[in-house]
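As provided, entry.txt (compact mmCIF, C-alpha atoms) reads as follows.
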```
# COMPACT_ATOMS: atom_id res chain seq x y z
CA MET A 1 19.30 -30.51 -0.89
CA ALA A 2 19.69 -26.72 -1.19
CA LEU A 3 19.01 -24.76 1.98
CA ILE A 4 16.96 -21.57 1.85
CA PHE A 5 18.45 -18.67 3.86
CA VAL A 6 16.02 -15.78 4.26
CA THR A 7 17.75 -12.45 4.93
CA SER A 8 17.69 -8.94 3.54
CA ASN A 9 21.36 -8.54 4.56
CA GLN A 10 23.86 -9.28 1.76
CA HIS A 11 26.81 -9.36 4.21
CA LYS A 12 25.16 -12.07 6.29
CA PHE A 13 24.49 -14.09 3.19
CA SER A 14 28.14 -13.84 2.06
CA GLU A 15 29.43 -15.02 5.45
CA VAL A 16 26.96 -17.89 5.73
CA ASN A 17 27.45 -18.91 2.11
CA GLU A 18 31.22 -19.18 2.58
CA LEU A 19 30.72 -21.46 5.61
CA ALA A 20 28.22 -23.65 3.77
CA ARG A 21 30.39 -24.02 0.68
CA ARG A 22 33.26 -25.29 2.85
CA ARG A 23 30.91 -28.03 4.06
CA GLY A 24 29.55 -28.79 0.61
CA VAL A 25 26.07 -27.44 1.37
CA GLU A 26 24.30 -25.31 -1.23
CA ILE A 27 22.55 -22.18 0.05
CA VAL A 28 19.81 -20.29 -1.81
CA HIS A 29 19.36 -16.63 -0.88
CA TYR A 30 15.79 -15.36 -0.43
CA LYS A 31 16.27 -11.62 -0.02
CA TRP A 32 13.18 -10.87 2.06
CA ARG A 33 12.57 -8.38 4.82
CA TYR A 34 10.37 -10.04 7.45
CA THR A 35 8.79 -8.81 10.66
CA GLU A 36 10.73 -9.46 13.86
CA ILE A 37 9.28 -9.36 17.36
CA GLN A 38 10.67 -7.24 20.20
CA SER A 39 12.38 -9.32 22.86
CA ASP A 40 15.54 -9.21 24.97
CA ASP A 41 16.20 -12.78 23.84
CA LEU A 42 17.74 -13.35 20.38
CA GLU A 43 16.66 -16.99 20.33
CA GLU A 44 13.04 -16.04 20.88
CA ILE A 45 13.22 -13.46 18.07
CA ALA A 46 14.83 -15.91 15.61
CA ARG A 47 12.33 -18.64 16.51
CA ALA A 48 9.34 -16.36 15.91
CA SER A 49 10.83 -15.06 12.65
CA VAL A 50 11.54 -18.46 11.14
CA MET A 51 8.07 -19.73 12.03
CA GLU A 52 6.50 -16.77 10.25
CA VAL A 53 8.78 -17.03 7.22
CA CYS A 54 8.43 -20.82 6.95
CA THR A 55 4.63 -20.61 7.11
CA LYS A 56 4.55 -18.01 4.31
CA LEU A 57 7.08 -19.89 2.20
CA GLY A 58 5.73 -23.39 2.79
CA LYS A 59 9.30 -24.74 2.55
CA PRO A 60 12.14 -25.55 4.96
CA CYS A 61 14.25 -22.45 5.55
CA PHE A 62 16.46 -20.70 8.08
CA VAL A 63 17.05 -17.17 9.37
CA GLU A 64 19.76 -15.64 11.52
CA ASP A 65 19.56 -12.87 14.10
CA ALA A 66 22.58 -11.35 15.80
CA GLY A 67 23.40 -8.69 18.34
CA LEU A 68 26.24 -7.00 20.20
CA PHE A 69 25.91 -7.21 23.99
CA VAL A 70 28.12 -4.73 25.86
CA ASN A 71 28.51 -5.57 29.54
CA ALA A 72 29.04 -2.01 30.85
CA LEU A 73 25.86 -1.00 28.98
CA ASN A 74 23.71 -3.77 30.52
CA GLY A 75 23.65 -5.68 27.25
CA PHE A 76 22.84 -2.68 25.02
CA PRO A 77 22.45 -2.58 22.01
CA GLY A 78 21.62 -6.31 22.12
CA PRO A 79 18.73 -7.47 19.94
CA TYR A 80 18.20 -3.93 18.62
CA SER A 81 21.71 -3.66 17.15
CA ASN A 82 20.38 -2.99 13.66
CA TYR A 83 18.25 -0.01 14.74
CA VAL A 84 20.97 1.33 17.04
CA PHE A 85 23.52 1.08 14.23
CA ARG A 86 21.23 2.99 11.86
CA THR A 87 20.68 5.80 14.38
CA ILE A 88 23.63 6.45 16.71
CA GLY A 89 26.05 4.09 14.92
CA ASN A 90 29.62 3.32 15.93
CA PRO A 91 30.29 6.91 17.13
CA GLY A 92 27.34 6.60 19.53
CA ILE A 93 28.61 3.37 21.08
CA ILE A 94 32.15 4.80 21.41
CA LYS A 95 30.69 7.87 23.17
CA LEU A 96 28.68 5.67 25.55
CA MET A 97 31.81 3.64 26.43
CA ALA A 98 33.74 6.73 27.62
CA GLY A 99 34.70 6.39 31.27
CA PHE A 100 34.06 2.64 31.54
CA ASN A 101 37.04 0.47 32.50
CA ASP A 102 35.07 -2.66 31.65
CA ARG A 103 35.07 -2.73 27.83
CA SER A 104 34.08 -6.41 27.59
CA ALA A 105 31.34 -7.38 25.15
CA GLU A 106 29.95 -10.35 23.30
CA PHE A 107 28.51 -10.83 19.83
CA ARG A 108 25.72 -13.41 19.76
CA SER A 109 24.06 -15.12 16.83
CA ALA A 110 20.94 -17.28 16.72
CA VAL A 111 20.27 -19.43 13.66
CA ALA A 112 16.72 -20.77 13.48
CA TYR A 113 15.68 -23.51 11.07
CA CYS A 114 12.12 -24.63 10.43
CA GLU A 115 10.21 -27.12 8.32
CA PRO A 116 6.49 -26.61 7.60
CA GLY A 117 4.35 -27.95 10.43
CA LYS A 118 7.34 -28.62 12.71
CA GLU A 119 8.85 -26.83 15.70
CA PRO A 120 11.89 -24.69 14.85
CA MET A 121 15.42 -25.64 15.89
CA VAL A 122 17.67 -22.86 17.21
CA PHE A 123 21.48 -22.86 17.28
CA VAL A 124 23.43 -20.21 19.17
CA GLY A 125 26.98 -18.94 18.71
CA ARG A 126 28.93 -16.45 20.81
CA VAL A 127 32.25 -14.66 20.64
CA LYS A 128 33.74 -12.70 23.51
CA GLY A 129 35.80 -9.57 22.95
CA LYS A 130 36.37 -5.94 23.82
CA MET A 131 35.02 -2.66 22.52
CA ALA A 132 37.68 -0.77 20.54
CA GLU A 133 38.58 2.83 21.47
CA LYS A 134 37.84 3.91 17.89
CA ALA A 135 36.48 2.37 14.69
CA ARG A 136 39.04 0.43 12.63
CA GLY A 137 38.72 -1.41 9.32
CA THR A 138 36.34 -1.38 6.38
CA GLY A 139 35.27 -5.04 6.17
CA GLY A 140 32.23 -6.68 7.71
CA PHE A 141 29.19 -4.58 8.60
CA GLY A 142 27.39 -2.97 11.54
CA PHE A 143 29.46 -2.80 14.72
CA ASP A 144 32.33 -4.89 13.28
CA PRO A 145 34.74 -1.86 13.22
CA ILE A 146 34.46 -1.37 17.00
CA PHE A 147 34.55 -5.01 18.19
CA VAL A 148 37.87 -6.74 18.92
CA PRO A 149 37.34 -10.49 19.37
CA CYS A 150 39.58 -12.20 21.95
CA GLU A 151 41.06 -14.52 19.32
CA GLY A 152 41.79 -11.91 16.65
CA ASN A 153 45.29 -10.64 17.59
CA GLY A 154 43.85 -7.24 18.48
CA ARG A 155 42.17 -6.64 15.14
CA THR A 156 38.51 -5.65 14.85
CA PHE A 157 36.12 -7.82 12.83
CA ALA A 158 36.18 -5.08 10.17
CA GLU A 159 39.95 -5.58 9.76
CA MET A 160 39.44 -9.21 8.69
CA THR A 161 38.37 -10.88 5.48
CA VAL A 162 35.15 -12.89 5.45
CA SER A 163 37.20 -16.11 5.73
CA GLU A 164 39.12 -14.83 8.77
CA LYS A 165 35.98 -13.56 10.52
CA ASN A 166 34.44 -16.96 9.83
CA LEU A 167 37.19 -18.69 11.82
CA PHE A 168 35.67 -17.64 15.15
CA SER A 169 32.74 -15.27 14.73
CA HIS A 170 29.46 -15.71 16.62
CA ARG A 171 27.67 -16.22 13.31
CA ALA A 172 30.17 -18.86 12.14
CA ARG A 173 29.77 -20.74 15.42
CA ALA A 174 25.97 -20.76 15.23
CA VAL A 175 25.99 -21.68 11.53
CA ASP A 176 28.53 -24.49 12.09
CA LYS A 177 26.36 -25.99 14.85
CA PHE A 178 23.40 -25.80 12.50
CA LEU A 179 25.30 -27.34 9.58
CA ASN A 180 26.65 -30.16 11.79
CA TRP A 181 23.10 -31.02 12.77
CA PHE A 182 21.74 -30.58 9.25
CA ILE A 183 24.39 -32.74 7.59
CA GLU A 184 24.00 -35.47 10.23
CA VAL A 185 20.20 -35.55 10.19
CA LYS A 186 19.39 -34.57 6.60
CA GLY A 187 22.62 -35.19 4.70
CA MET B 1 -19.49 1.03 28.11
CA ALA B 2 -16.21 0.41 29.95
CA LEU B 3 -13.10 0.53 27.77
CA ILE B 4 -10.40 -2.12 28.18
CA PHE B 5 -6.82 -0.72 28.23
CA VAL B 6 -4.18 -3.43 27.93
CA THR B 7 -0.81 -2.40 29.36
CA SER B 8 1.75 -3.79 31.79
CA ASN B 9 2.75 -0.20 32.67
CA GLN B 10 1.00 1.19 35.77
CA HIS B 11 2.17 4.75 35.01
CA LYS B 12 0.55 4.68 31.59
CA PHE B 13 -2.66 3.41 33.09
CA SER B 14 -2.72 6.23 35.69
CA GLU B 15 -2.24 8.91 33.03
CA VAL B 16 -4.84 7.48 30.67
CA ASN B 17 -7.31 6.82 33.48
CA GLU B 18 -7.11 10.43 34.62
CA LEU B 19 -7.88 11.64 31.09
CA ALA B 20 -10.78 9.23 30.70
CA ARG B 21 -12.35 10.14 34.05
CA ARG B 22 -12.38 13.81 33.03
CA ARG B 23 -14.46 12.76 30.03
CA GLY B 24 -16.71 10.45 32.00
CA VAL B 25 -15.36 7.29 30.35
CA GLU B 26 -14.69 4.24 32.50
CA ILE B 27 -11.42 2.39 31.85
CA VAL B 28 -10.69 -1.19 32.90
CA HIS B 29 -7.02 -2.12 33.29
CA TYR B 30 -5.87 -5.47 31.85
CA LYS B 31 -2.31 -5.76 33.11
CA TRP B 32 -0.90 -7.94 30.34
CA ARG B 33 2.50 -8.07 28.72
CA TYR B 34 2.02 -8.69 24.99
CA THR B 35 4.44 -9.22 22.12
CA GLU B 36 5.35 -6.15 20.09
CA ILE B 37 6.88 -6.18 16.62
CA GLN B 38 10.10 -4.39 15.67
CA SER B 39 9.48 -1.38 13.46
CA ASP B 40 10.69 2.21 13.13
CA ASP B 41 7.01 3.23 13.02
CA LEU B 42 5.09 3.47 16.32
CA GLU B 43 1.72 3.35 14.56
CA GLU B 44 2.62 0.06 12.88
CA ILE B 45 3.72 -1.41 16.23
CA ALA B 46 0.56 -0.29 18.03
CA ARG B 47 -1.65 -1.56 15.19
CA ALA B 48 -0.04 -5.02 15.24
CA SER B 49 -0.20 -5.18 19.07
CA VAL B 50 -3.87 -4.29 19.33
CA MET B 51 -4.83 -6.80 16.63
CA GLU B 52 -3.02 -9.56 18.52
CA VAL B 53 -4.45 -8.57 21.91
CA CYS B 54 -7.99 -8.09 20.58
CA THR B 55 -7.94 -11.50 18.88
CA LYS B 56 -6.81 -13.21 22.11
CA LEU B 57 -9.27 -11.26 24.25
CA GLY B 58 -12.24 -11.44 21.90
CA LYS B 59 -13.37 -8.00 23.12
CA PRO B 60 -12.90 -4.37 22.07
CA CYS B 61 -9.72 -2.97 23.65
CA PHE B 62 -6.93 -0.46 23.16
CA VAL B 63 -3.17 -0.30 23.66
CA GLU B 64 -0.70 2.58 23.64
CA ASP B 65 2.89 2.70 22.45
CA ALA B 66 5.18 5.68 22.93
CA GLY B 67 8.72 6.73 22.17
CA LEU B 68 11.19 9.57 22.49
CA PHE B 69 12.64 10.72 19.14
CA VAL B 70 15.80 12.82 19.48
CA ASN B 71 16.67 14.73 16.30
CA ALA B 72 20.46 14.84 16.78
CA LEU B 73 20.40 11.05 17.31
CA ASN B 74 18.44 10.35 14.10
CA GLY B 75 15.31 9.53 16.05
CA PHE B 76 16.99 7.27 18.64
CA PRO B 77 15.77 5.79 20.98
CA GLY B 78 12.39 5.97 19.16
CA PRO B 79 10.24 2.82 19.27
CA TYR B 80 12.83 1.04 21.44
CA SER B 81 12.63 3.60 24.26
CA ASN B 82 11.64 0.96 26.81
CA TYR B 83 14.67 -1.26 26.10
CA VAL B 84 17.03 1.71 25.88
CA PHE B 85 15.73 3.05 29.19
CA ARG B 86 16.29 -0.33 30.85
CA THR B 87 19.88 -0.59 29.58
CA ILE B 88 21.64 2.79 29.18
CA GLY B 89 18.87 4.86 30.83
CA ASN B 90 18.82 8.62 31.25
CA PRO B 91 22.60 8.81 31.89
CA GLY B 92 23.21 7.13 28.52
CA ILE B 93 21.05 9.61 26.62
CA ILE B 94 22.67 12.56 28.41
CA LYS B 95 26.11 11.18 27.46
CA LEU B 96 25.05 10.77 23.83
CA MET B 97 23.80 14.39 23.69
CA ALA B 98 27.19 15.83 24.70
CA GLY B 99 28.54 18.12 21.99
CA PHE B 100 25.25 18.53 20.11
CA ASN B 101 23.87 22.07 19.81
CA ASP B 102 20.58 20.72 18.49
CA ARG B 103 18.85 19.33 21.61
CA SER B 104 15.39 19.21 20.02
CA ALA B 105 13.30 16.07 20.49
CA GLU B 106 9.74 14.84 20.30
CA PHE B 107 7.73 12.39 22.36
CA ARG B 108 5.21 10.46 20.26
CA SER B 109 2.31 8.29 21.31
CA ALA B 110 0.15 5.95 19.26
CA VAL B 111 -3.15 4.71 20.70
CA ALA B 112 -4.63 1.77 18.81
CA TYR B 113 -8.21 0.58 19.33
CA CYS B 114 -9.68 -2.60 17.90
CA GLU B 115 -12.94 -4.51 17.89
CA PRO B 116 -12.99 -8.24 17.07
CA GLY B 117 -13.09 -8.82 13.31
CA LYS B 118 -12.56 -5.14 12.49
CA GLU B 119 -9.57 -3.09 11.35
CA PRO B 120 -7.83 -1.16 14.17
CA MET B 121 -8.04 2.62 14.47
CA VAL B 122 -4.83 4.47 15.39
CA PHE B 123 -4.60 7.94 16.98
CA VAL B 124 -1.27 9.76 17.24
CA GLY B 125 -0.13 12.48 19.63
CA ARG B 126 3.13 14.43 19.65
CA VAL B 127 4.84 16.95 21.90
CA LYS B 128 7.94 18.88 20.92
CA GLY B 129 10.61 19.78 23.43
CA LYS B 130 14.30 19.79 24.29
CA MET B 131 16.61 17.31 25.99
CA ALA B 132 17.59 18.53 29.47
CA GLU B 133 21.28 18.85 30.42
CA LYS B 134 20.66 16.61 33.43
CA ALA B 135 17.81 14.55 34.90
CA ARG B 136 15.33 16.56 36.98
CA GLY B 137 12.22 15.47 38.89
CA THR B 138 10.83 12.25 40.30
CA GLY B 139 7.40 12.08 38.65
CA GLY B 140 6.41 10.30 35.46
CA PHE B 141 8.51 7.39 34.18
CA GLY B 142 11.13 6.47 31.59
CA PHE B 143 12.78 9.46 29.93
CA ASP B 144 10.45 12.02 31.58
CA PRO B 145 13.28 13.44 33.80
CA ILE B 146 15.34 14.47 30.74
CA PHE B 147 12.59 15.85 28.47
CA VAL B 148 11.54 19.51 28.68
CA PRO B 149 8.33 20.08 26.69
CA CYS B 150 8.04 23.46 24.91
CA GLU B 151 4.87 24.36 26.86
CA GLY B 152 6.12 23.42 30.34
CA ASN B 153 7.86 26.60 31.55
CA GLY B 154 11.22 24.86 31.45
CA ARG B 155 10.24 21.96 33.68
CA THR B 156 10.78 18.33 32.70
CA PHE B 157 7.83 15.94 32.52
CA ALA B 158 9.14 14.38 35.75
CA GLU B 159 8.73 17.73 37.53
CA MET B 160 4.98 17.74 36.85
CA THR B 161 2.01 15.99 38.42
CA VAL B 162 0.01 13.55 36.29
CA SER B 163 -2.65 16.25 35.76
CA GLU B 164 -0.07 18.79 34.59
CA LYS B 165 1.64 16.33 32.26
CA ASN B 166 -1.79 15.48 30.88
CA LEU B 167 -2.33 19.09 29.81
CA PHE B 168 -0.04 18.71 26.80
CA SER B 169 1.75 15.36 26.74
CA HIS B 170 1.99 13.22 23.59
CA ARG B 171 -0.01 10.51 25.37
CA ALA B 172 -2.75 12.93 26.44
CA ARG B 173 -3.04 14.22 22.87
CA ALA B 174 -3.35 10.74 21.38
CA VAL B 175 -5.79 9.61 24.09
CA ASP B 176 -7.91 12.76 23.68
CA LYS B 177 -8.18 12.18 19.93
CA PHE B 178 -9.20 8.60 20.63
CA LEU B 179 -11.76 9.59 23.30
CA ASN B 180 -13.25 12.27 21.02
CA TRP B 181 -13.81 9.65 18.36
CA PHE B 182 -15.00 7.03 20.82
CA ILE B 183 -17.54 9.31 22.54
CA GLU B 184 -18.87 10.57 19.21
CA VAL B 185 -19.17 7.16 17.56
CA LYS B 186 -19.89 4.87 20.53
CA GLY B 187 -21.09 7.24 23.26
```
Whole structure given in structure tokens:
Amino acid sequence: MALIFVTSNQHKFSEVNELARRRGVEIVHYKWRYTEIQSDDLEEIARASVMEVCTKLGKPCFVEDAGLFVNALNGFPGPYSNYVFRTIGNPGIIKLMAGFNDRSAEFRSAVAYCEPGKEPMVFVGRVKGKMAEKARGTGGFGFDPIFVPCEGNGRTFAEMTVSEKNLFSHRARAVDKFLNWFIEVKG
Amino acid sequence: MALIFVTSNQHKFSEVNELARRRGVEIVHYKWRYTEIQSDDLEEIARASVMEVCTKLGKPCFVEDAGLFVNALNGFPGPYSNYVFRTIGNPGIIKLMAGFNDRSAEFRSAVAYCEPGKEPMVFVGRVKGKMAEKARGTGGFGFDPIFVPCEGNGRTFAEMTVSEKNLFSHRARAVDKFLNWFIEVKG
């Protein structure tokens, strides 16, 4: 059975599609922009989104929401990473980090799957890392050039290929949990 | 007829209540926290919020959403001013402004009123000003200590009383438009 992934973000689709292909799952891309709610909690946002999208679509589908949570900034930009990236961008985050010794941060991803008339399932993935001193790399998207995951030999996410990022990214971890469940229950 | 204002923010209620009393309109405070949508457009957020709240309440009511839009920061923090204030706060905005000659900004307010089964009405107010070099004053709330309105003789909103702020604030302008309409149509 092909899985419907609803996202307006081509980069997200590419990452998720690579993970699914490895597992032999076919993904269909519905390139929709849907309304998200405001919340400090990614899981709550993803749950609300997938319920709305699934109701409109009338078919099983999943969405993914992600955010960068910087400890010295009390979790900012968190669930509003997309807006913050579009306005102050990587230079803004680098400026905000000046003077902080604690450069620790975490990328989080919430994958929410829903079938019509049922409660959504949510799967969460996290990756710990540090904020880079300056932007490096041209791969990935969003804050990838300024995030150095603990397991990446000092490289930013933007200095990796999709396959490398998928070895330990927040999104890969959430998607893998989802696919494990999906293949076991629906496969 | 008493008007129901739904907000979890006591400061907002005090400002709006002062404006309404001047006009002889009675305001009832429903201290609810409701779900807001994510959008770059305050009017769209306020419209969606009031429709949700009005449907739950089953009575005419209004809500207000506001944001600080800084030109050098491409409109940041905009509709996410509440979250940004709670995370990076005034020190974060001051840090981000370093090095920018253009310190111009605008506070915007959207008041949305709805009656059950009807389309909401939205009233917008704006005030232009400049970002202060440092926080000043203890009045108001949120980013008031770092915003200097053009008409305020160089003082920040936080250096004014509620009555003074209400002479030319974004919120006062939106609320006055709303009250003008309300008194004319419903009074």
Next on the checklist: If we count only C-alpha atoms and set the cut-off at 12 Å, which residues sit around stretch 48-55 of chain A, ignoring sequence neighbours fewer than 2 positions away in its own chain? Please answer as a ChimeraX atom specification.
Outcome noted: /A:4-7,30-39,41-46,57-65,110-122 /B:35-38
Near chain B, which residues of chain A fall within 10 Å when you count only C-alpha atoms, and what do they look like as an mmCIF file with C-alpha atoms, keeping the file's coordinate frame?
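Saved file part30.cif follows:
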```cif
data_model
loop_
_atom_site.group_PDB
_atom_site.id
_atom_site.type_symbol
_atom_site.label_atom_id
_atom_site.label_comp_id
_atom_site.auth_asym_id
_atom_site.auth_seq_id
_atom_site.Cartn_x
_atom_site.Cartn_y
_atom_site.Cartn_z
ATOM 1 C CA TYR A 34 10.370 -10.040 7.450
ATOM 2 C CA THR A 35 8.790 -8.810 10.660
ATOM 3 C CA GLU A 36 10.730 -9.460 13.860
ATOM 4 C CA ILE A 37 9.280 -9.360 17.360
ATOM 5 C CA GLN A 38 10.670 -7.240 20.200
ATOM 6 C CA SER A 39 12.380 -9.320 22.860
ATOM 7 C CA ASP A 40 15.540 -9.210 24.970
ATOM 8 C CA ILE A 45 13.220 -13.460 18.070
ATOM 9 C CA VAL A 70 28.120 -4.730 25.860
ATOM 10 C CA ASN A 71 28.510 -5.570 29.540
ATOM 11 C CA ALA A 72 29.040 -2.010 30.850
ATOM 12 C CA LEU A 73 25.860 -1.000 28.980
ATOM 13 C CA ASN A 74 23.710 -3.770 30.520
ATOM 14 C CA GLY A 75 23.650 -5.680 27.250
ATOM 15 C CA PHE A 76 22.840 -2.680 25.020
ATOM 16 C CA PRO A 77 22.450 -2.580 22.010
ATOM 17 C CA GLY A 78 21.620 -6.310 22.120
ATOM 18 C CA PRO A 79 18.730 -7.470 19.940
ATOM 19 C CA TYR A 80 18.200 -3.930 18.620
ATOM 20 C CA TYR A 83 18.250 -0.010 14.740
ATOM 21 C CA VAL A 84 20.970 1.330 17.040
ATOM 22 C CA ARG A 86 21.230 2.990 11.860
ATOM 23 C CA THR A 87 20.680 5.800 14.380
ATOM 24 C CA ILE A 88 23.630 6.450 16.710
ATOM 25 C CA GLY A 89 26.050 4.090 14.920
ATOM 26 C CA PRO A 91 30.290 6.910 17.130
ATOM 27 C CA GLY A 92 27.340 6.600 19.530
ATOM 28 C CA ILE A 93 28.610 3.370 21.080
ATOM 29 C CA ILE A 94 32.150 4.800 21.410
ATOM 30 C CA LYS A 95 30.690 7.870 23.170
ATOM 31 C CA LEU A 96 28.680 5.670 25.550
ATOM 32 C CA MET A 97 31.810 3.640 26.430
ATOM 33 C CA ALA A 98 33.740 6.730 27.620
#
```
Selected residue of minimal separation from B:Phe123 among B:Asn101, B:Asn180, B:Ser14, B:Thr138, counting all atoms listed in the file
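Distance minimum relative to B:Phe123 lands on B:Asn180.
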Between atom CA of A:Ala174 and atom CA of A:Val124, what distance in Å does the model show, to one decimal?
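Atom-to-atom, atom CA of A:Ala174 to atom CA of A:Val124, that is 4.7 Å.
The two atoms in question, atom CA of A:Phe100 and atom CA of A:Asp144, are spaced 19.8 Å apart.
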One number please: atom CA of A:Ala158 to atom CA of A:Gly137, in Å, one decimal.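 Distance reported for this atom pair: 4.5 Å.
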